[in-house]
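Visitor: Compact mmCIF, C-alpha atoms, file input16.txt:
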```
# COMPACT_ATOMS: atom_id res chain seq x y z
CA MET A 1 -5.80 -8.20 13.12
CA SER A 2 -3.78 -5.32 14.44
CA THR A 3 -4.28 -2.01 12.71
CA THR A 4 -1.23 0.07 11.91
CA ARG A 5 -2.10 3.31 10.19
CA LYS A 6 0.76 4.52 8.05
CA LEU A 7 0.94 8.11 6.82
CA ARG A 8 0.92 8.39 3.00
CA ILE A 9 2.28 11.54 1.39
CA LEU A 10 2.34 12.77 -2.20
CA VAL A 11 5.49 14.80 -2.86
CA THR A 12 5.13 16.67 -6.12
CA LYS A 13 6.50 19.34 -8.42
CA PRO A 14 3.67 21.34 -10.03
CA GLY A 15 4.30 23.57 -13.01
CA LEU A 16 7.22 24.23 -15.24
CA ASP A 17 10.36 24.64 -13.15
CA GLY A 18 12.83 21.81 -13.54
CA HIS A 19 14.62 21.63 -10.21
CA ASP A 20 13.49 18.86 -7.90
CA ARG A 21 16.45 18.50 -5.57
CA GLY A 22 14.54 20.08 -2.69
CA ALA A 23 11.50 17.89 -3.28
CA ARG A 24 13.65 14.77 -3.40
CA VAL A 25 15.46 15.66 -0.17
CA VAL A 26 12.11 16.17 1.57
CA ALA A 27 10.83 12.87 0.12
CA ARG A 28 13.83 11.10 1.61
CA ALA A 29 13.36 12.75 4.99
CA TYR A 30 9.73 11.58 5.02
CA ARG A 31 10.81 8.06 4.07
CA ASP A 32 13.37 8.05 6.88
CA ALA A 33 10.63 9.18 9.26
CA GLY A 34 8.76 5.98 8.41
CA PHE A 35 6.16 7.46 6.04
CA GLU A 36 5.14 6.12 2.63
CA VAL A 37 6.00 8.72 0.01
CA ILE A 38 4.64 8.72 -3.52
CA TYR A 39 6.90 10.87 -5.64
CA THR A 40 5.40 12.06 -8.92
CA GLY A 41 8.42 13.73 -10.52
CA LEU A 42 8.48 17.02 -12.41
CA HIS A 43 6.03 19.11 -14.45
CA GLN A 44 2.77 18.01 -12.89
CA THR A 45 -0.52 19.73 -13.63
CA PRO A 46 -2.97 20.26 -10.72
CA GLU A 47 -5.24 17.74 -12.48
CA GLN A 48 -2.48 15.08 -12.40
CA ILE A 49 -1.65 15.86 -8.78
CA VAL A 50 -5.22 15.60 -7.51
CA THR A 51 -5.90 12.44 -9.54
CA ALA A 52 -2.76 10.81 -8.10
CA ALA A 53 -3.60 11.94 -4.56
CA ILE A 54 -7.04 10.31 -4.76
CA GLN A 55 -5.84 7.09 -6.42
CA GLU A 56 -3.07 6.76 -3.83
CA ASP A 57 -5.32 7.78 -0.91
CA VAL A 58 -2.72 10.11 0.59
CA ASP A 59 -3.18 12.19 3.75
CA LEU A 60 -0.96 15.02 2.58
CA ILE A 61 0.08 16.73 -0.66
CA ALA A 62 3.47 18.44 -0.30
CA PHE A 63 4.35 20.60 -3.30
CA SER A 64 7.56 22.38 -4.19
CA ILE A 65 7.39 25.35 -6.55
CA LEU A 66 10.30 27.54 -7.65
CA SER A 67 8.70 29.11 -10.71
CA GLY A 68 6.68 31.88 -9.05
CA ALA A 69 3.35 30.38 -10.12
CA HIS A 70 2.54 29.11 -6.63
CA LEU A 71 -0.67 31.12 -6.16
CA SER A 72 -2.43 29.92 -9.27
CA LEU A 73 -1.15 26.31 -9.03
CA ALA A 74 -2.04 25.93 -5.34
CA GLY A 75 -5.42 27.56 -5.93
CA GLU A 76 -6.20 25.10 -8.71
CA ILE A 77 -5.09 22.11 -6.58
CA LYS A 78 -7.39 23.21 -3.75
CA ARG A 79 -10.29 23.87 -6.15
CA LEU A 80 -10.00 20.39 -7.71
CA LEU A 81 -9.77 18.72 -4.29
CA LYS A 82 -13.02 20.42 -3.28
CA GLU A 83 -14.69 19.55 -6.58
CA ARG A 84 -13.88 15.86 -6.04
CA ASN A 85 -14.87 15.73 -2.36
CA ALA A 86 -11.26 15.19 -1.32
CA ASP A 87 -10.71 18.42 0.54
CA ASP A 88 -9.83 16.48 3.70
CA ILE A 89 -6.39 15.91 2.17
CA THR A 90 -3.98 18.44 3.72
CA VAL A 91 -1.91 20.59 1.36
CA ILE A 92 1.45 22.14 2.27
CA GLY A 93 4.11 23.78 0.13
CA GLY A 94 7.65 24.97 -0.11
CA GLY A 95 10.07 26.62 -2.47
CA ILE A 96 10.89 30.14 -3.53
CA ILE A 97 7.89 32.02 -2.18
CA PRO A 98 7.90 35.75 -1.31
CA ASP A 99 6.99 36.49 2.31
CA GLU A 100 3.92 38.49 1.31
CA ASP A 101 2.49 35.46 -0.53
CA ILE A 102 2.54 33.17 2.51
CA ALA A 103 -0.64 34.66 3.95
CA ARG A 104 -2.27 34.48 0.50
CA LEU A 105 -1.41 30.79 0.19
CA GLU A 106 -2.79 30.17 3.66
CA ALA A 107 -5.97 32.01 2.72
CA ILE A 108 -6.37 29.66 -0.28
CA GLY A 109 -6.12 26.73 2.15
CA VAL A 110 -2.45 25.76 2.04
CA LYS A 111 -1.96 24.74 5.66
CA LYS A 112 1.76 25.47 5.97
CA VAL A 113 4.51 27.00 3.85
CA PHE A 114 8.17 26.10 4.36
CA LEU A 115 10.77 28.48 3.00
CA PRO A 116 14.39 27.72 2.01
CA GLY A 117 16.29 27.26 5.26
CA ALA A 118 13.55 25.24 6.95
CA SER A 119 15.21 22.19 8.47
CA LEU A 120 14.14 18.68 7.59
CA GLU A 121 13.50 18.02 11.30
CA GLU A 122 11.13 20.98 11.35
CA ILE A 123 9.23 19.72 8.30
CA VAL A 124 8.98 16.15 9.60
CA SER A 125 7.93 17.10 13.13
CA TRP A 126 5.34 19.60 11.85
CA THR A 127 3.94 16.83 9.64
CA ARG A 128 3.86 14.31 12.47
CA GLU A 129 1.98 16.74 14.68
CA ASN A 130 -0.48 18.18 12.19
CA VAL A 131 -1.27 15.40 9.74
CA LYS A 132 -2.99 12.23 10.89
CA PRO A 133 -3.92 9.27 8.71
CA LEU A 134 -7.41 9.80 7.32
CA GLY A 135 -10.07 7.28 8.35
CA MET B 1 -28.32 4.60 0.86
CA GLU B 2 -25.38 3.86 -1.39
CA THR B 3 -22.79 1.75 0.44
CA GLN B 4 -19.03 1.75 -0.11
CA ILE B 5 -19.45 -1.58 -1.88
CA ASP B 6 -21.99 -0.11 -4.34
CA LYS B 7 -19.61 2.74 -5.02
CA ILE B 8 -16.67 0.42 -5.69
CA LEU B 9 -18.73 -1.78 -7.99
CA LYS B 10 -19.63 1.38 -9.93
CA GLY B 11 -15.94 2.19 -10.24
CA ASP B 12 -15.70 4.99 -7.63
CA VAL B 13 -11.95 5.63 -7.30
CA ARG B 14 -12.04 7.36 -3.92
CA ALA B 15 -14.02 4.56 -2.25
CA ALA B 16 -11.80 1.90 -3.81
CA ALA B 17 -8.59 3.74 -2.88
CA LYS B 18 -9.74 4.03 0.73
CA LEU B 19 -10.55 0.33 0.96
CA MET B 20 -7.12 -0.47 -0.47
CA ARG B 21 -5.60 1.60 2.30
CA ASP B 22 -7.65 -0.23 4.95
CA ILE B 23 -6.50 -3.56 3.57
CA GLU B 24 -2.85 -2.51 3.63
CA ASP B 25 -3.26 -1.25 7.18
CA GLU B 26 -4.99 -4.53 8.11
CA SER B 27 -8.13 -2.88 9.38
CA PRO B 28 -10.64 -5.53 10.52
CA ARG B 29 -13.58 -3.84 8.73
CA ALA B 30 -11.78 -4.24 5.41
CA ILE B 31 -12.31 -8.00 5.59
CA GLU B 32 -16.07 -7.48 5.62
CA ASP B 33 -15.88 -5.37 2.46
CA LEU B 34 -13.64 -7.95 0.79
CA LYS B 35 -16.17 -10.67 1.55
CA ALA B 36 -18.86 -8.62 -0.19
CA LEU B 37 -16.68 -7.89 -3.23
CA TYR B 38 -15.29 -11.40 -3.74
CA PRO B 39 -18.24 -12.71 -5.80
CA TYR B 40 -17.73 -9.86 -8.29
CA THR B 41 -14.10 -10.75 -9.03
CA GLY B 42 -12.65 -13.02 -11.68
CA ASN B 43 -13.35 -10.98 -14.81
CA ALA B 44 -10.08 -9.07 -15.13
CA TYR B 45 -7.03 -10.48 -16.89
CA ILE B 46 -3.96 -10.18 -14.69
CA ILE B 47 -0.51 -9.55 -16.12
CA GLY B 48 2.68 -9.61 -14.04
CA VAL B 49 5.77 -7.64 -15.06
CA THR B 50 8.98 -8.53 -13.26
CA GLY B 51 12.73 -8.19 -13.75
CA ALA B 52 15.90 -6.81 -12.19
CA PRO B 53 16.07 -3.16 -11.06
CA GLY B 54 16.67 -0.77 -13.95
CA VAL B 55 15.47 -2.93 -16.85
CA GLY B 56 12.60 -0.52 -17.53
CA LYS B 57 9.60 -2.21 -15.95
CA SER B 58 7.70 1.01 -15.16
CA THR B 59 8.19 2.45 -18.63
CA LEU B 60 7.13 -0.84 -20.19
CA VAL B 61 4.01 -0.93 -18.01
CA ASP B 62 3.22 2.66 -19.04
CA THR B 63 3.40 1.77 -22.73
CA LEU B 64 1.41 -1.43 -22.19
CA VAL B 65 -1.35 0.65 -20.57
CA GLY B 66 -1.40 2.64 -23.81
CA GLY B 67 -1.58 -0.55 -25.87
CA PHE B 68 -4.62 -1.82 -23.97
CA ARG B 69 -6.32 1.59 -23.91
CA GLU B 70 -6.09 1.61 -27.73
CA LYS B 71 -8.18 -1.56 -27.61
CA GLU B 72 -10.63 0.36 -25.43
CA MET B 73 -9.94 -1.82 -22.41
CA THR B 74 -9.84 -0.28 -18.94
CA VAL B 75 -6.65 -0.81 -16.97
CA GLY B 76 -5.56 -1.04 -13.34
CA VAL B 77 -1.91 -0.90 -12.31
CA VAL B 78 -0.44 -2.11 -9.01
CA ALA B 79 3.17 -0.91 -8.79
CA ILE B 80 5.25 -2.27 -5.94
CA ASP B 81 8.38 -0.73 -4.45
CA PRO B 82 10.39 -1.77 -1.39
CA THR B 83 9.86 -0.61 2.17
CA SER B 84 13.01 0.30 4.10
CA PRO B 85 13.62 -2.45 6.66
CA PHE B 86 15.30 0.14 8.87
CA THR B 87 12.67 2.88 9.11
CA GLY B 88 9.50 1.28 7.72
CA GLY B 89 9.26 4.17 5.26
CA ALA B 90 9.25 3.97 1.48
CA ILE B 91 9.62 6.12 -1.61
CA LEU B 92 7.26 4.90 -4.30
CA GLY B 93 8.52 6.30 -7.59
CA ASP B 94 6.90 4.16 -10.26
CA ARG B 95 4.40 6.90 -11.13
CA ILE B 96 7.25 9.07 -12.41
CA ARG B 97 7.46 6.83 -15.47
CA MET B 98 3.71 6.34 -15.79
CA GLN B 99 2.68 9.85 -16.78
CA SER B 100 1.07 9.15 -20.15
CA HIS B 101 -2.19 8.01 -18.57
CA SER B 102 -2.14 9.91 -15.28
CA THR B 103 -5.48 11.66 -15.84
CA ASP B 104 -7.21 9.03 -17.98
CA PRO B 105 -10.36 7.96 -16.07
CA GLY B 106 -10.02 4.49 -17.62
CA VAL B 107 -6.73 3.96 -15.79
CA PHE B 108 -6.21 3.48 -12.05
CA ILE B 109 -2.62 3.41 -10.81
CA ARG B 110 -1.82 2.43 -7.24
CA SER B 111 1.69 2.46 -5.71
CA VAL B 112 2.32 -0.10 -3.00
CA ALA B 113 5.15 -0.64 -0.53
CA THR B 114 6.26 -4.19 0.31
CA ARG B 115 5.99 -3.53 4.08
CA GLY B 116 8.37 -6.35 4.90
CA TRP B 117 6.77 -8.91 2.61
CA ALA B 118 9.30 -11.04 0.71
CA GLY B 119 8.74 -12.52 -2.73
CA GLY B 120 8.55 -9.33 -4.80
CA LEU B 121 4.94 -8.43 -3.93
CA SER B 122 3.22 -7.06 -0.83
CA LYS B 123 0.87 -8.95 1.45
CA ALA B 124 -2.10 -6.94 0.22
CA THR B 125 -1.35 -7.29 -3.52
CA LEU B 126 -3.91 -9.98 -4.32
CA ASN B 127 -6.65 -8.10 -2.48
CA LEU B 128 -5.81 -4.85 -4.27
CA ILE B 129 -6.16 -6.79 -7.52
CA HIS B 130 -9.56 -8.06 -6.36
CA ILE B 131 -10.75 -4.50 -5.80
CA MET B 132 -9.64 -3.32 -9.25
CA ASP B 133 -11.26 -6.45 -10.65
CA ALA B 134 -14.55 -5.65 -8.89
CA MET B 135 -14.30 -2.10 -10.32
CA ARG B 136 -14.51 -3.78 -13.76
CA LYS B 137 -10.98 -3.12 -14.93
CA ASP B 138 -10.43 -5.35 -17.97
CA ILE B 139 -6.67 -5.61 -17.52
CA ILE B 140 -4.64 -5.42 -14.31
CA LEU B 141 -0.89 -4.93 -14.61
CA VAL B 142 1.21 -5.80 -11.58
CA GLU B 143 4.75 -4.46 -11.49
CA THR B 144 6.92 -6.24 -8.91
CA VAL B 145 9.86 -4.76 -7.04
CA GLY B 146 13.17 -5.14 -8.87
CA THR B 147 13.79 -8.84 -8.52
CA GLY B 148 16.80 -11.08 -8.21
CA GLN B 149 16.23 -14.80 -8.17
CA ALA B 150 13.82 -15.74 -5.42
CA GLU B 151 11.01 -13.26 -5.99
CA VAL B 152 8.64 -15.55 -7.83
CA ASP B 153 5.32 -14.82 -6.10
CA ILE B 154 4.08 -13.00 -9.17
CA ILE B 155 3.84 -16.30 -11.05
CA ASN B 156 1.08 -17.38 -8.67
CA VAL B 157 -0.81 -14.11 -8.96
CA ALA B 158 -0.69 -13.40 -12.70
CA ASP B 159 -2.44 -15.06 -15.63
CA THR B 160 0.46 -14.02 -17.87
CA SER B 161 3.93 -13.49 -16.36
CA ILE B 162 6.38 -11.30 -18.23
CA LEU B 163 10.10 -11.22 -17.42
CA VAL B 164 11.96 -8.13 -18.62
CA LEU B 165 15.65 -8.41 -19.50
CA ILE B 166 18.11 -6.04 -21.19
CA PRO B 167 21.07 -6.58 -23.53
CA GLY B 168 24.25 -7.59 -21.74
CA MET B 169 22.41 -9.84 -19.29
CA GLY B 170 23.21 -13.04 -21.18
CA ASP B 171 25.35 -14.54 -18.47
CA ALA B 172 22.87 -13.52 -15.83
CA ILE B 173 20.32 -15.82 -17.44
CA GLN B 174 22.49 -18.80 -16.60
CA MET B 175 22.28 -17.76 -12.97
CA MET B 176 18.53 -17.31 -13.07
CA LYS B 177 17.71 -20.80 -14.30
CA ALA B 178 16.37 -22.11 -11.03
CA GLY B 179 13.63 -19.64 -10.28
CA ILE B 180 11.70 -17.17 -12.30
CA LEU B 181 12.54 -18.51 -15.75
CA GLU B 182 10.38 -21.64 -15.57
CA GLY B 183 7.35 -19.61 -14.65
CA THR B 184 7.73 -16.95 -17.32
CA ASP B 185 5.18 -16.92 -20.15
CA ILE B 186 6.67 -14.11 -22.24
CA PHE B 187 10.25 -12.83 -22.29
CA VAL B 188 10.88 -9.19 -23.14
CA ILE B 189 14.29 -7.85 -24.06
CA ASN B 190 13.97 -4.10 -23.49
CA LYS B 191 16.33 -1.21 -24.33
CA ILE B 192 17.39 -2.82 -27.61
CA ASP B 193 18.44 0.66 -28.81
CA ARG B 194 21.38 0.53 -26.44
CA ASP B 195 23.12 -2.62 -27.48
CA SER B 196 22.69 -5.78 -29.46
CA ALA B 197 20.16 -8.09 -27.91
CA ASP B 198 21.86 -11.14 -29.46
CA ASP B 199 23.56 -12.41 -26.31
CA VAL B 200 20.42 -12.44 -24.20
CA ARG B 201 18.30 -13.82 -27.02
CA MET B 202 20.78 -16.64 -27.70
CA GLN B 203 21.03 -17.64 -24.04
CA LEU B 204 17.25 -17.59 -23.76
CA GLU B 205 16.78 -19.69 -26.89
CA VAL B 206 19.28 -22.27 -25.67
CA MET B 207 17.54 -22.42 -22.36
CA LEU B 208 14.07 -22.67 -23.84
CA GLU B 209 15.16 -25.49 -26.18
CA THR B 210 16.56 -27.58 -23.38
CA LYS B 211 13.49 -27.02 -21.26
CA ASP B 212 10.88 -29.73 -20.99
CA CYS B 213 7.85 -29.09 -23.11
CA PRO B 214 5.28 -27.49 -20.79
CA ALA B 215 2.07 -29.38 -20.11
CA ASP B 216 -0.13 -26.62 -21.53
CA GLY B 217 1.82 -26.58 -24.83
CA TRP B 218 2.81 -22.88 -24.63
CA LYS B 219 6.32 -22.04 -25.82
CA PRO B 220 7.31 -18.69 -24.27
CA PRO B 221 8.08 -16.17 -27.03
CA ILE B 222 10.84 -13.55 -26.90
CA VAL B 223 9.72 -10.00 -27.74
CA LEU B 224 12.20 -7.19 -28.40
CA THR B 225 11.12 -3.73 -27.20
CA GLU B 226 12.31 -0.18 -26.84
CA ALA B 227 9.66 0.95 -24.40
CA VAL B 228 10.70 4.62 -24.19
CA ASN B 229 10.02 4.93 -27.92
CA ASN B 230 6.96 2.66 -27.89
CA LYS B 231 8.70 0.12 -30.15
CA GLY B 232 7.66 -3.52 -29.98
CA ILE B 233 4.64 -2.78 -27.79
CA THR B 234 2.03 -3.74 -30.39
CA GLU B 235 3.80 -7.10 -30.75
CA LEU B 236 3.94 -7.53 -26.97
CA VAL B 237 0.23 -6.81 -26.56
CA ALA B 238 -0.48 -9.30 -29.38
CA GLU B 239 1.63 -11.99 -27.65
CA ILE B 240 -0.19 -11.37 -24.36
CA MET B 241 -3.56 -11.80 -26.10
CA ARG B 242 -2.27 -14.93 -27.86
CA HIS B 243 -1.16 -16.37 -24.50
CA ARG B 244 -4.56 -15.60 -23.05
CA GLU B 245 -6.28 -17.44 -25.92
CA SER B 246 -3.92 -20.36 -25.47
CA LEU B 247 -4.62 -20.52 -21.72
CA ILE B 248 -8.36 -20.43 -22.30
CA SER B 249 -8.35 -23.18 -24.90
CA SER B 250 -5.93 -25.45 -23.01
CA GLY B 251 -7.82 -25.08 -19.72
CA GLY B 252 -4.65 -23.57 -18.25
CA LEU B 253 -6.41 -20.41 -17.15
CA GLU B 254 -8.89 -22.28 -15.01
CA LYS B 255 -6.05 -24.36 -13.57
CA ARG B 256 -4.04 -21.25 -12.68
CA ARG B 257 -7.02 -19.56 -11.08
CA LYS B 258 -7.85 -22.61 -9.02
CA GLU B 259 -4.26 -22.78 -7.83
CA ARG B 260 -4.48 -19.09 -6.90
CA ALA B 261 -7.71 -19.67 -4.99
CA ARG B 262 -6.05 -22.54 -3.14
CA LEU B 263 -3.08 -20.38 -2.12
CA GLU B 264 -5.40 -17.59 -1.06
CA LEU B 265 -7.43 -19.95 1.09
CA ILE B 266 -4.36 -21.40 2.80
CA GLU B 267 -3.13 -17.86 3.42
CA ALA B 268 -6.47 -16.92 4.99
CA VAL B 269 -6.28 -19.95 7.27
CA ASP B 270 -2.73 -19.00 8.28
CA GLY B 271 -3.90 -15.44 8.88
CA TYR B 272 -6.71 -16.55 11.20
CA LEU B 273 -4.38 -18.93 13.04
CA LYS B 274 -1.99 -16.08 13.63
CA SER B 275 -4.53 -13.46 14.64
CA HIS B 276 -6.73 -15.79 16.73
CA ILE B 277 -4.11 -18.03 18.26
CA THR B 278 -0.49 -16.84 18.08
CA ASP B 279 -1.29 -13.20 18.78
CA ARG B 280 -3.76 -13.99 21.57
CA ILE B 281 -1.92 -16.44 23.79
CA ASP B 282 -2.34 -15.52 27.43
CA GLN B 283 1.04 -14.15 28.43
CA ASP B 284 1.15 -15.82 31.89
CA TYR B 285 0.22 -19.15 30.35
CA LEU B 286 2.91 -18.66 27.71
CA GLN B 287 5.48 -17.83 30.36
CA ARG B 288 4.75 -21.05 32.27
CA LEU B 289 5.16 -23.05 29.06
CA VAL B 290 8.42 -21.30 28.26
CA ASP B 291 9.74 -22.06 31.77
CA ASP B 292 8.90 -25.74 31.28
CA LEU B 293 10.62 -25.70 27.91
CA ALA B 294 13.74 -24.08 29.32
CA GLN B 295 13.93 -26.85 31.92
CA LYS B 296 13.46 -29.42 29.16
CA LYS B 297 10.35 -30.78 30.85
CA THR B 298 8.63 -30.81 27.50
CA ASP B 299 9.31 -29.97 23.81
CA PRO B 300 8.09 -27.16 21.49
CA TYR B 301 6.10 -29.46 19.21
CA SER B 302 3.93 -31.00 21.91
CA VAL B 303 3.33 -27.60 23.46
CA ALA B 304 2.41 -26.06 20.09
CA LEU B 305 -0.24 -28.73 19.55
CA GLU B 306 -1.55 -28.18 23.05
CA ILE B 307 -1.89 -24.43 22.42
CA ILE B 308 -3.70 -24.99 19.12
CA ASN B 309 -6.10 -27.56 20.60
CA ARG B 310 -6.90 -25.30 23.52
CA SER B 311 -7.44 -22.23 21.32
CA VAL B 312 -9.60 -23.96 18.74
CA LYS B 313 -11.98 -24.97 21.54
CA LEU B 314 -12.05 -21.35 22.67
CA ILE B 315 -12.78 -19.99 19.17
CA GLY B 316 -15.53 -22.58 18.74
```
Go ahead and render the structure in this file as structure tokens.

Guide:
Amino acid sequence: MSTTRKLRILVTKPGLDGHDRGARVVARAYRDAGFEVIYTGLHQTPEQIVTAAIQEDVDLIAFSILSGAHLSLAGEIKRLLKERNADDITVIGGGIIPDEDIARLEAIGVKKVFLPGASLEEIVSWTRENVKPLG
Amino acid sequence: METQIDKILKGDVRAAAKLMRDIEDESPRAIEDLKALYPYTGNAYIIGVTGAPGVGKSTLVDTLVGGFREKEMTVGVVAIDPTSPFTGGAILGDRIRMQSHSTDPGVFIRSVATRGWAGGLSKATLNLIHIMDAMRKDIILVETVGTGQAEVDIINVADTSILVLIPGMGDAIQMMKAGILEGTDIFVINKIDRDSADDVRMQLEVMLETKDCPADGWKPPIVLTEAVNNKGITELVAEIMRHRESLISSGGLEKRRKERARLELIEAVDGYLKSHITDRIDQDYLQRLVDDLAQKKTDPYSVALEIINRSVKLIG
């Protein structure tokens, strides 16, 4: 049998903001790049996100947050991933995030933050280069 | 040391999810794990949910999960969505409507892309079911891609097949006669809050009356639901359990499972033929055969037999 590893990505909207246009556009760009995207929809708790990521065996969690609660939500996602031995899943994020918080998110373990204005090409090519299907 | 197999048999989600991925990616080592798990399968009851896009399959599955959880049964869900034939990518969105049980440890939801497989399922579907079965899920719900008329694979995979319709589809039923309808065990008319279900129900009743009496004596019931508001779900769960009892007492369940095993075996043979013969033909040898064919020195059927005979000797 020939093995073809396909990248699986969870695109998700943690927390309480109700705008998912950005997340859906990114989901579509990932689909068009040939990836399998699991889209969870709005208002996800970190618990729901990590549970879904493990059940779906994704390589990457890509969150979009516009509410301002990115530090606590991302911190909780990373904590739960560690707790469940799933910290090999890469986490990236985007949305309305003040410049000074980018370094804080990276310190928590968010590998990359994309701000409004980031092109879809940029997001897809960063993903291709930095995220490989987990063994 | 605890192996991956031990973990899966104990219900470890991470280990099971990783094996599912290996199966979808056709990793050779996955076959070894499947061999080890196969003896532990056959306990789960498998329910297929199919229907046209937009009839509310995901929402119905979500509420059915709730219905079975109330009975303290554990549930696995395999939700299938299409792969783009152009890019190979997919957006799997069934989870959006399956939020009620997203953190319940008794529920395991897996989204699957068709990856070019026709028939409404994916190539790996049956093996994903086996894994959930080996994890001791009592019920496994399989949601097909939105189907038209030819996507009837689910009938061969499920113990109970449910077809979901909505009001206003009465005429469509006439068009569907030839495929999915004969294999359906329970009809659901969903979204009855929107419109009268009379047209669909009447067309269905006419069709069911003119149908030959099935060998196993089961007359498919029609259940009206409003899945978003959890209406009709208790009745639907009761009909599923009644169908299960009927299948057990008529011997139909054993018959269906034997038929499934037969299909699975034939598929495995085809798979080996492809991976050991078709995919491994020596390219120079193939080219010589093609040249002969182009000059009409021989014909494809004789050559095919020659290739198979030669390869089987090589495999031993």

Visitor: Per residue of chain A within 7 Å of chain B, record the nearest atom pair and its distance in Å to one decimal, counting only C-alpha atoms, with rows in chain order and ascending residue number, as JSON lines.

Guide:
```
{"residue": "A:Met1", "atom": "CA", "partner": "B:Ser275", "partner_atom": "CA", "distance": 5.6}
{"residue": "A:Ser2", "atom": "CA", "partner": "B:Glu26", "partner_atom": "CA", "distance": 6.5}
{"residue": "A:Thr3", "atom": "CA", "partner": "B:Ser27", "partner_atom": "CA", "distance": 5.2}
{"residue": "A:Thr4", "atom": "CA", "partner": "B:Asp25", "partner_atom": "CA", "distance": 5.3}
{"residue": "A:Arg5", "atom": "CA", "partner": "B:Asp25", "partner_atom": "CA", "distance": 5.6}
{"residue": "A:Arg31", "atom": "CA", "partner": "B:Gly89", "partner_atom": "CA", "distance": 4.4}
{"residue": "A:Asp32", "atom": "CA", "partner": "B:Thr87", "partner_atom": "CA", "distance": 5.7}
{"residue": "A:Ala33", "atom": "CA", "partner": "B:Gly89", "partner_atom": "CA", "distance": 6.6}
{"residue": "A:Gly34", "atom": "CA", "partner": "B:Gly89", "partner_atom": "CA", "distance": 3.7}
{"residue": "A:Phe35", "atom": "CA", "partner": "B:Gly89", "partner_atom": "CA", "distance": 4.6}
{"residue": "A:Glu36", "atom": "CA", "partner": "B:Ala90", "partner_atom": "CA", "distance": 4.8}
{"residue": "A:Val37", "atom": "CA", "partner": "B:Ile91", "partner_atom": "CA", "distance": 4.7}
{"residue": "A:Ile38", "atom": "CA", "partner": "B:Leu92", "partner_atom": "CA", "distance": 4.7}
{"residue": "A:Tyr39", "atom": "CA", "partner": "B:Gly93", "partner_atom": "CA", "distance": 5.2}
{"residue": "A:Thr40", "atom": "CA", "partner": "B:Ile96", "partner_atom": "CA", "distance": 5.0}
{"residue": "A:Gly41", "atom": "CA", "partner": "B:Ile96", "partner_atom": "CA", "distance": 5.2}
{"residue": "A:Glu47", "atom": "CA", "partner": "B:Thr103", "partner_atom": "CA", "distance": 7.0}
{"residue": "A:Gln48", "atom": "CA", "partner": "B:Thr103", "partner_atom": "CA", "distance": 5.7}
{"residue": "A:Thr51", "atom": "CA", "partner": "B:Thr103", "partner_atom": "CA", "distance": 6.4}
{"residue": "A:Ile54", "atom": "CA", "partner": "B:Arg14", "partner_atom": "CA", "distance": 5.9}
{"residue": "A:Gln55", "atom": "CA", "partner": "B:Ala17", "partner_atom": "CA", "distance": 5.6}
{"residue": "A:Glu56", "atom": "CA", "partner": "B:Arg110", "partner_atom": "CA", "distance": 5.7}
{"residue": "A:Asp57", "atom": "CA", "partner": "B:Ala17", "partner_atom": "CA", "distance": 5.6}
```

Visitor: Quick one, how far is CA of Ala134 (chain B) from CA of Thr147 (chain B)?

Guide: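 So the answer is 28.5 Å.
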
Visitor: Quick one: everything within 8 Å of region 62-73 of chain A, counting all atoms listed in the file, minus sequence neighbours fewer than 2 positions away in the same chain. Send it as a PyMOL selection string.

Guide: chain A and resi 9-17+19-20+22-23+46+60+75-77+91-97+101+104-105

Visitor: Identify which of the residues B:Leu263, B:Met169, B:Ile155, B:Ala197 lies closest to Asp185 (chain B), counting only C-alpha atoms when measuring atom-to-atom distances.

Guide: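 Looking only at the distances to Asp185 (chain B), the closest residue turns out to be B:Ile155.
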
Visitor: Work out how far CA of Met132 (chain B) is from CA of Arg260 (chain B), in Å to one decimal.

Guide: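 That distance, rounded to one decimal, is 16.8 Å.
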
Visitor: Between CA of Val61 (chain B) and CA of Glu226 (chain B), what distance in Å does the model show, to one decimal?

Guide: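 Separation of CA of Val61 (chain B) and CA of Glu226 (chain B): 12.1 Å.
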
Visitor: Within 12 Å of Val65 (chain B), counting all atoms listed in the file, which residues qualify if same-chain residues fewer than 5 places away don't, as JSON, numbers by chain?

Guide: {"B": [47, 58, 59, 60, 70, 71, 72, 73, 74, 75, 76, 77, 78, 97, 98, 99, 100, 101, 102, 104, 106, 107, 108, 109, 137, 138, 139, 140, 141, 142, 227, 230, 233, 234, 236, 237]}

Visitor: So that I can check the surroundings of Asp193 (chain B), please list as a PyMOL selection string every protein, DNA and RNA residue that reaches within 10 Å of it, counting all atoms listed in the file and ignoring chain neighbours fewer than 3 positions away.

Guide: chain B and resi 167+190+196-197+225-229+231

Visitor: Counting only C-alpha atoms, which residue out of B:Arg262, B:Arg69, B:Lys57, B:Arg256 sits closest to Leu163 (chain B)?

Guide: B:Lys57

Visitor: Just the residues within 9 Å of region 84-88 of chain A, please, counting only C-alpha atoms, with nothing from its chain fewer than 5 positions along; format it as a ChimeraX atom specification.

Guide: /A:50,53-54,59,78-79,134 /B:14

Visitor: Between A:Val131, A:Val110, A:Ala74, A:Leu120, which is the closest to Ile49 (chain A) once you count only C-alpha atoms?

Guide: A:Ala74

Visitor: Looking at B:Lys219, B:Lys313, B:His130, B:Arg257, which one is nearest to Leu34 (chain B), with distances taken over only C-alpha atoms?

Guide: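 Nearest to Leu34 (chain B): B:His130.
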
Visitor: Any idea what's packed within 12 Å of Gly120 (chain B), counting all atoms listed in the file, ignoring anything in its chain fewer than 5 positions away? Could you give it as a PyMOL selection string?

Guide: chain B and resi 48-53+79-83+112-115+125+142-157+180
